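Working notes, beginning with the structure itself.
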Amino acid sequence: MRKRYRIRGDEMAKETRGLEPLYSVEEAAKRLGGVSKFTVYAWLNRGLLERTRVGGRVMVRESSLLKLLEQGNEQGGTPNQGGAK
């Protein structure tokens with residue numbers, strides 16, 4: 001015998017309210033002051049931003065963007081984009 005699951009609208013709404021916004025790489029680049037999407041990919045590869053995969057798409061959590069911006073403010077600018085340090 002199969003088990004039946006019941007989903008109520010109220011319960012579902014409560015669960016989805018707390019979800020964090022996700023941004024595409026292009027949207028994240030715009031929110032980070034208009035840097036290029038290639039810079040965002042470089043920061044993802046270096047671990048400065050956390051990537052979240054949704055299906056085949058790479059998405060960036062809002063908390064990861066805010067964390068990067070806070071780090072940039074502490075250092076007096078944005079994180080280093082390339083190899084020069």
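Residue numbers start at 1 in each chain; chains themselves are named A, B, ... in the order of the structure tokens; ligands are numbered from 1 in the order shown.
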
All strand (DSSP E or B) positions in range 27-75 of chain A, as an MDAnalysis selection string: chainID A and resid 51:54 57:61

Close residues, Val60 in chain A itself excluded, 9 Å, only C-alpha atoms, min 2 positions apart in chain, as a list of chain:residue names: A:Pro21, A:Leu22, A:Tyr23, A:Ser24, A:Val25, A:Glu27, A:Ala28, A:Leu44, A:Leu49, A:Glu50, A:Arg51, A:Thr52, A:Arg53, A:Val58, A:Glu62, A:Ser63, A:Ser64, A:Leu65

Members of range 10-79 of chain A assigned helix (DSSP H, G or I) by DSSP, as a PyMOL selection string: chain A and resi 10-17+25-31+37-46+62-75

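Taking CA of Lys30 in chain A and CA of Arg57 in chain A as endpoints, the distance between them is 17.4 Å.
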
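What separates CA of Gly55 in chain A from CA of Phe38 in chain A is a distance of 20.6 Å.
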